[in-house]
>>> print(open('final-v4.txt').read())   # compact mmCIF, C-alpha atoms
# COMPACT_ATOMS: atom_id res chain seq x y z
CA MET Z 60 0.00 0.00 0.00
CA ASN Z 61 1.34 3.40 -0.92
CA GLU Z 62 -0.61 5.58 1.47
CA SER Z 63 0.22 6.08 5.12
CA PRO Z 64 -2.48 6.56 7.76
CA ALA Z 65 -2.57 9.64 9.89
CA THR Z 66 -1.33 8.92 13.36
CA ALA Z 67 -2.34 10.71 16.51
CA GLY Z 68 -0.98 10.56 20.02
CA ALA Z 69 1.62 8.27 21.54
CA PRO Z 70 1.73 4.57 20.65
CA PRO Z 71 -0.64 2.48 22.73
CA ARG Z 72 0.60 0.28 25.56
CA PRO Z 73 1.96 -3.06 24.34
CA GLY Z 74 -0.68 -5.72 23.89
CA ARG Z 75 -1.01 -9.41 23.15
CA ILE Z 76 -1.69 -9.82 19.44
CA LEU Z 77 -2.98 -13.05 17.91
CA VAL Z 78 -1.98 -13.43 14.24
CA ILE Z 79 -3.93 -16.11 12.34
CA ASP Z 80 -2.38 -16.71 8.91
CA ASP Z 81 -1.45 -19.93 7.13
CA ASP Z 82 1.39 -18.32 5.15
CA PRO Z 83 4.45 -18.76 7.40
CA THR Z 84 6.40 -16.02 5.64
CA VAL Z 85 3.65 -13.44 6.08
CA ALA Z 86 3.02 -14.54 9.66
CA GLU Z 87 6.71 -14.31 10.61
CA VAL Z 88 7.17 -10.89 9.01
CA VAL Z 89 4.03 -9.50 10.67
CA ALA Z 90 5.04 -11.01 14.01
CA GLY Z 91 8.51 -9.51 13.70
CA TYR Z 92 7.20 -6.01 13.09
CA LEU Z 93 4.62 -6.27 15.89
CA THR Z 94 7.22 -7.62 18.30
CA ARG Z 95 9.58 -4.75 17.49
CA ALA Z 96 6.68 -2.39 18.22
CA GLY Z 97 6.61 -3.88 21.73
CA HIS Z 98 3.74 -6.35 21.45
CA GLN Z 99 3.60 -9.98 22.49
CA VAL Z 100 2.58 -12.09 19.49
CA ASP Z 101 0.91 -15.50 19.29
CA LEU Z 102 0.84 -17.25 15.89
CA ALA Z 103 -1.78 -19.64 14.55
CA ALA Z 104 -1.55 -21.37 11.17
CA ASP Z 105 -5.27 -22.16 10.83
CA GLY Z 106 -8.68 -21.23 12.20
CA THR Z 107 -8.93 -24.12 14.66
CA GLN Z 108 -5.61 -23.25 16.28
CA GLY Z 109 -6.48 -19.56 16.25
CA LEU Z 110 -9.78 -20.09 18.05
CA ALA Z 111 -8.06 -22.30 20.63
CA LEU Z 112 -5.42 -19.64 21.30
CA ALA Z 113 -8.07 -16.91 21.54
CA ARG Z 114 -9.88 -18.96 24.19
CA ALA Z 115 -6.70 -19.82 26.10
CA HIS Z 116 -5.14 -16.37 26.05
CA ARG Z 117 -7.53 -13.47 25.66
CA PRO Z 118 -5.74 -11.32 23.03
CA SER Z 119 -5.78 -7.54 22.92
CA LEU Z 120 -6.39 -7.74 19.17
CA VAL Z 121 -6.60 -10.37 16.41
CA VAL Z 122 -4.98 -10.05 12.97
CA LEU Z 123 -7.01 -12.49 10.86
CA ASP Z 124 -6.36 -13.72 7.33
CA LEU Z 125 -9.58 -14.48 5.47
CA MET Z 126 -8.06 -17.24 3.31
CA LEU Z 127 -7.43 -20.06 5.78
CA PRO Z 128 -7.47 -23.83 5.38
CA GLY Z 129 -10.28 -25.72 7.08
CA ILE Z 130 -12.25 -23.09 8.98
CA ASP Z 131 -12.00 -19.95 6.87
CA GLY Z 132 -11.44 -16.48 8.24
CA LEU Z 133 -15.08 -15.42 8.02
CA GLU Z 134 -16.17 -18.41 10.10
CA VAL Z 135 -13.40 -17.71 12.60
CA LEU Z 136 -14.68 -14.12 12.87
CA ARG Z 137 -18.25 -15.37 13.40
CA ARG Z 138 -17.11 -17.64 16.22
CA LEU Z 139 -14.98 -14.95 17.83
CA ARG Z 140 -17.92 -12.55 17.82
CA ALA Z 141 -20.28 -15.24 19.16
CA ALA Z 142 -18.07 -15.88 22.19
CA GLU Z 143 -19.25 -14.46 25.49
CA ASP Z 144 -16.48 -11.86 25.60
CA GLY Z 145 -16.03 -11.49 21.85
CA ALA Z 146 -18.32 -8.60 20.96
CA ASP Z 147 -15.69 -5.93 21.62
CA LEU Z 148 -12.57 -7.92 20.66
CA PRO Z 149 -10.70 -5.79 18.08
CA VAL Z 150 -10.15 -7.63 14.79
CA VAL Z 151 -8.11 -6.48 11.77
CA LEU Z 152 -8.59 -8.53 8.60
CA LEU Z 153 -6.00 -9.44 5.99
CA THR Z 154 -7.73 -9.69 2.62
CA ALA Z 155 -6.75 -10.30 -1.00
CA LYS Z 156 -7.14 -7.33 -3.31
CA GLY Z 157 -9.95 -8.90 -5.36
CA ASP Z 158 -11.98 -10.25 -2.44
CA GLU Z 159 -14.28 -7.25 -2.06
CA ALA Z 160 -17.38 -9.34 -1.29
CA ASP Z 161 -15.58 -11.21 1.51
CA ARG Z 162 -14.13 -7.95 2.81
CA ILE Z 163 -17.58 -6.37 3.02
CA LEU Z 164 -18.97 -9.49 4.68
CA GLY Z 165 -16.13 -9.35 7.18
CA LEU Z 166 -17.05 -5.78 8.05
CA GLU Z 167 -20.69 -6.79 8.36
CA LEU Z 168 -19.64 -9.52 10.81
CA GLY Z 169 -17.96 -6.87 12.94
CA ALA Z 170 -14.33 -6.54 11.83
CA ASP Z 171 -12.85 -3.22 12.95
CA ASP Z 172 -10.47 -2.66 10.04
CA TYR Z 173 -8.77 -4.46 7.19
CA VAL Z 174 -5.53 -4.39 5.22
CA THR Z 175 -5.40 -5.51 1.59
CA LYS Z 176 -2.62 -7.82 0.39
CA PRO Z 177 0.02 -7.11 -0.69
CA PHE Z 178 0.59 -4.73 2.19
CA SER Z 179 3.40 -2.96 3.96
CA PRO Z 180 4.05 -4.57 7.36
CA ARG Z 181 4.61 -1.09 8.77
CA GLU Z 182 1.18 -0.08 7.46
CA LEU Z 183 -0.38 -3.05 9.25
CA VAL Z 184 1.40 -2.17 12.50
CA LEU Z 185 0.11 1.41 12.29
CA ARG Z 186 -3.44 0.17 11.75
CA VAL Z 187 -3.10 -2.25 14.66
CA GLN Z 188 -1.79 0.60 16.83
CA SER Z 189 -4.72 2.79 15.82
CA VAL Z 190 -7.34 0.15 16.63
CA LEU Z 191 -5.64 -0.67 19.94
CA ARG Z 192 -5.44 2.99 20.90
CA ARG Z 193 -9.17 3.48 20.34
CA ALA Z 194 -10.01 0.24 22.13
CA ARG Z 195 -7.93 1.25 25.15
CA ALA Z 196 -9.48 4.72 25.19
CA ALA Z 197 -12.91 3.10 25.21
CA ALA Z 198 -12.13 0.43 27.80
CA PRO Z 199 -13.96 0.38 31.15
CA GLY Z 200 -12.29 2.78 33.55
CA ALA Z 201 -10.35 4.56 30.81
CA ALA Z 202 -12.71 7.50 30.51
CA PRO Z 203 -15.21 8.54 33.18
CA GLY Z 204 -17.68 10.04 30.69
CA ALA Z 205 -21.27 10.20 31.85
CA PRO Z 206 -23.80 7.90 30.14
CA LEU Z 207 -25.33 9.21 26.92
CA ARG Z 208 -29.11 9.11 26.64
CA SER Z 209 -31.22 9.77 23.60
CA GLY Z 210 -34.83 8.77 23.94
CA ASP Z 211 -34.86 5.10 24.91
CA ILE Z 212 -31.23 4.57 23.88
CA THR Z 213 -28.58 4.63 26.61
CA LEU Z 214 -24.82 4.31 26.11
CA ASP Z 215 -22.44 3.98 29.02
CA PRO Z 216 -18.93 4.80 27.68
CA GLN Z 217 -17.21 3.66 30.87
CA ALA Z 218 -18.89 0.25 31.02
CA ARG Z 219 -19.09 -0.07 27.21
CA ARG Z 220 -22.73 -1.06 27.48
CA ALA Z 221 -25.60 0.04 25.27
CA SER Z 222 -29.32 -0.56 25.54
CA ARG Z 223 -32.57 0.43 23.94
CA GLY Z 224 -35.39 0.33 26.44
CA GLU Z 225 -34.91 -2.83 28.47
CA ALA Z 226 -33.00 -4.65 25.72
CA GLU Z 227 -29.20 -4.63 25.71
CA LEU Z 228 -27.57 -3.87 22.37
CA SER Z 229 -24.66 -6.06 21.29
CA LEU Z 230 -22.32 -3.56 19.61
CA THR Z 231 -18.78 -3.99 18.36
CA LEU Z 232 -16.09 -1.47 19.26
CA ARG Z 233 -16.64 0.56 16.09
CA GLU Z 234 -20.43 0.34 16.25
CA PHE Z 235 -20.39 1.67 19.80
CA ASP Z 236 -18.05 4.53 18.88
CA LEU Z 237 -20.09 5.39 15.79
CA LEU Z 238 -23.40 5.46 17.67
CA ALA Z 239 -21.86 7.50 20.49
CA PHE Z 240 -20.50 10.02 17.98
CA LEU Z 241 -23.87 10.37 16.24
CA ILE Z 242 -25.73 10.77 19.52
CA ARG Z 243 -23.29 13.50 20.55
CA HIS Z 244 -24.05 15.39 17.31
CA PRO Z 245 -27.83 15.23 16.85
CA GLY Z 246 -29.17 16.76 13.67
CA ALA Z 247 -25.73 17.28 12.10
CA VAL Z 248 -24.99 15.73 8.72
CA PHE Z 249 -21.67 13.95 8.28
CA SER Z 250 -20.20 12.59 5.07
CA ARG Z 251 -18.68 9.13 5.03
CA GLN Z 252 -15.23 10.72 4.78
CA GLU Z 253 -15.89 12.83 7.88
CA LEU Z 254 -17.09 9.79 9.80
CA MET Z 255 -14.02 7.86 8.68
CA GLN Z 256 -11.82 10.66 10.03
CA ARG Z 257 -13.66 11.33 13.29
CA VAL Z 258 -14.71 7.82 14.32
CA TRP Z 259 -12.06 5.61 12.73
CA GLY Z 260 -9.28 8.19 12.97
CA TRP Z 261 -8.16 7.74 9.35
CA ASP Z 262 -7.60 10.42 6.73
CA PHE Z 263 -8.20 7.87 3.99
CA GLY Z 264 -9.75 4.44 3.61
CA ASP Z 265 -12.45 2.42 1.90
CA LEU Z 266 -15.62 4.38 2.59
CA SER Z 267 -17.70 1.22 2.25
CA THR Z 268 -16.46 0.51 5.79
CA VAL Z 269 -18.63 3.38 7.01
CA THR Z 270 -21.58 2.27 4.87
CA VAL Z 271 -21.46 -1.24 6.31
CA HIS Z 272 -21.27 -0.02 9.90
CA ILE Z 273 -24.19 2.34 9.37
CA ARG Z 274 -26.21 -0.58 8.01
CA ARG Z 275 -25.27 -2.77 10.98
CA LEU Z 276 -26.23 -0.04 13.43
CA ARG Z 277 -29.59 0.41 11.75
CA GLU Z 278 -30.26 -3.30 12.11
CA LYS Z 279 -29.72 -2.96 15.85
CA VAL Z 280 -31.39 0.35 16.72
CA GLU Z 281 -34.07 1.00 14.10
CA ASP Z 282 -37.64 -0.29 14.37
CA ASP Z 283 -37.56 -0.84 10.60
CA PRO Z 284 -33.98 -0.95 9.25
CA GLY Z 285 -35.35 -0.87 5.71
CA ALA Z 286 -36.96 2.51 6.40
CA PRO Z 287 -34.60 4.09 8.94
CA ALA Z 288 -35.93 7.00 10.96
CA LEU Z 289 -33.15 7.36 13.55
CA ILE Z 290 -30.02 7.28 11.37
CA THR Z 291 -31.15 8.78 8.11
CA THR Z 292 -29.42 9.22 4.77
CA VAL Z 293 -29.09 12.73 3.37
CA TRP Z 294 -28.69 11.88 -0.29
CA GLY Z 295 -25.51 13.19 -1.86
CA VAL Z 296 -24.17 14.34 1.52
CA GLY Z 297 -24.03 11.65 4.19
CA TYR Z 298 -25.85 10.58 7.34
CA ARG Z 299 -27.73 12.35 10.11
CA TYR Z 300 -28.83 11.22 13.57
CA ASP Z 301 -32.40 12.33 14.21
CA PRO Z 302 -33.11 12.28 17.97
CA ALA Z 303 -36.81 12.98 17.36
CA ALA Z 304 -37.12 9.40 16.12
CA THR Z 305 -36.38 8.14 19.64
CA GLY Z 306 -39.26 10.16 20.99
CA GLN Z 307 -37.42 12.16 23.64
CA GLY Z 308 -34.85 14.42 21.99
CA GLY Z 309 -31.08 14.25 21.80
CA ALA Z 310 -28.20 13.34 24.06
CA ARG Z 311 -28.16 14.56 27.61
>>> encode(input="final-v4.txt", output="C-alpha cells")
Amino acid sequence: MNESPATAGAPPRPGRILVIDDDPTVAEVVAGYLTRAGHQVDLAADGTQGLALARAHRPSLVVLDLMLPGIDGLEVLRRLRAAEDGADLPVVLLTAKGDEADRILGLELGADDYVTKPFSPRELVLRVQSVLRRARAAAPGAAPGAPLRSGDITLDPQARRASRGEAELSLTLREFDLLAFLIRHPGAVFSRQELMQRVWGWDFGDLSTVTVHIRRLREKVEDDPGAPALITTVWGVGYRYDPAATGQGGAR
C-alpha cells in the first residue's frame, strides 16, 4: 500500500496480538514487526488453532487472514464474535485485493479494520496501533464520561454497554463509537469521509467501511432498518442522527 495513515498521540501500551495466517512467511514478518513495536505475538496457522489460542489467552487484538485452510477467516470471525467476551474484541482482517465481497462481509460480521494484500508490514502495524489505541481509550475505567441518553437509547462509555429500552444492544467497538459520535451530534450531517476521520481516525480508507457499519447499526437500533428513521441518509451528503425518532430528543 502506498498511502500512510494519519497517526495521533503516543503509541498504545503493548498488547497481546494473535496473528492467524497460514502463510508462514507473512506470519513471521508480521510477528517480527509487531514484536519490534513492543507487542507480544501469538501465531496460529489455521482457524482451529487460532480459536483455541483466543480462548486460552484473551488477546488484545486479532490479525485475521480471510483465506485459511479448514475453517475460513469469516467463520473464525463469526465464532470470535459469538463468544461471550467477543463482541468488543478488536479484529483487523487481511484480505486479498480482489476479495471485495468477503471484505464487506467481514465488516458486516464486525471486523474493525482491514488491510489488503500485498501490504506494507509497517502499514499493518500502524493500523493495529490505531485500533488498539481506540479500544484502550474506550475500555472500562479509561474515561469517566457520563452515560449518553437519547430517547430510549442509553450508552455507558465507561462500562461499554448500550441498551434500547430494556434490551441490551450487542455492539462492536466501532459500532459503539459510531453510535456515540452520532448521539453527541444530533441533527448534524456527516459525510462518510468525515465519519471515517472522526470515528475511525483515518484520513483515507475504503468508505464502504462506514456504509457497512451504518447498516449494521440500523439493524440494531431502528424499528424498521429498511426505512430508517433514527439514522437517516441525506442523499448526496451523508448521514444524520435524528433524535426525534427516539421520541425524547437528543443526548443529555
>>> atom_distance(input="final-v4.txt", atom1="atom CA of Z:Glu87", atom2="atom CA of Z:Pro180")
10.6 Å
>>> atom_distance(input="final-v4.txt", atom1="atom CA of Z:Arg192", atom2="atom CA of Z:Leu232")
11.7 Å
>>> residues_around(input="final-v4.txt", residues="Z:Arg162", least_positions_apart="2", cutoff="12 Å", atoms="all atoms listed in the file", output="number ranges by chain")
Z: 123-126, 132-133, 136, 151-160, 164-176, 265, 267-268, 271
>>> closest_residue(input="final-v4.txt", among="Z:Arg75, Z:Arg243, Z:Arg138, Z:Lys279", to="Z:Ala226", atoms="all atoms listed in the file")
Z:Lys279
>>> closest_residue(input="final-v4.txt", among="Z:Arg274, Z:Val135, Z:Tyr298, Z:Pro206", to="Z:Asp80", atoms="all atoms listed in the file")
Z:Val135
>>> atom_distance(input="final-v4.txt", atom1="atom CA of Z:Val121", atom2="atom CA of Z:Ile76")
5.8 Å
>>> closest_residue(input="final-v4.txt", among="Z:Leu228, Z:Val78, Z:Ala141, Z:Leu254", to="Z:Phe240", atoms="all atoms listed in the file")
Z:Leu254
>>> residues_near_point(input="final-v4.txt", point="(-24.0, 7.5, 30.0)", cutoff="10 Å", atoms="only C-alpha atoms", output="ChimeraX atom specification")
/Z:203-209,212-221,239,310-311
>>> write_last_selection(input="final-v4.txt", atoms="C-alpha atoms", output="short mmCIF file (atom, residue, chain, number, x, y, z; two decimals), in the frame of the given file")
data_model
loop_
_atom_site.label_atom_id
_atom_site.label_comp_id
_atom_site.auth_asym_id
_atom_site.auth_seq_id
_atom_site.Cartn_x
_atom_site.Cartn_y
_atom_site.Cartn_z
CA PRO Z 203 -15.21 8.54 33.18
CA GLY Z 204 -17.68 10.04 30.69
CA ALA Z 205 -21.27 10.20 31.85
CA PRO Z 206 -23.80 7.90 30.14
CA LEU Z 207 -25.33 9.21 26.92
CA ARG Z 208 -29.11 9.11 26.64
CA SER Z 209 -31.22 9.77 23.60
CA ILE Z 212 -31.23 4.57 23.88
CA THR Z 213 -28.58 4.63 26.61
CA LEU Z 214 -24.82 4.31 26.11
CA ASP Z 215 -22.44 3.98 29.02
CA PRO Z 216 -18.93 4.80 27.68
CA GLN Z 217 -17.21 3.66 30.87
CA ALA Z 218 -18.89 0.25 31.02
CA ARG Z 219 -19.09 -0.07 27.21
CA ARG Z 220 -22.73 -1.06 27.48
CA ALA Z 221 -25.60 0.04 25.27
CA ALA Z 239 -21.86 7.50 20.49
CA ALA Z 310 -28.20 13.34 24.06
CA ARG Z 311 -28.16 14.56 27.61
#
>>> closest_residue(input="final-v4.txt", among="Z:Val89, Z:Ile163, Z:Leu139, Z:Ala103", to="Z:Leu266", atoms="only C-alpha atoms")
Z:Ile163
>>> residues_around(input="final-v4.txt", residues="stretch 104-108 of chain Z", least_positions_apart="5", cutoff="8 Å", atoms="all atoms listed in the file", output="PyMOL selection string")
chain Z and resi 79-83+127-132+135
>>> closest_residue(input="final-v4.txt", among="Z:Ala86, Z:Leu77, Z:Ala146, Z:Ala96", to="Z:Leu110", atoms="all atoms listed in the file")
Z:Leu77
>>> closest_residue(input="final-v4.txt", among="Z:Val150, Z:Leu191, Z:Leu185, Z:Leu241", to="Z:Pro73", atoms="only C-alpha atoms")
Z:Leu191
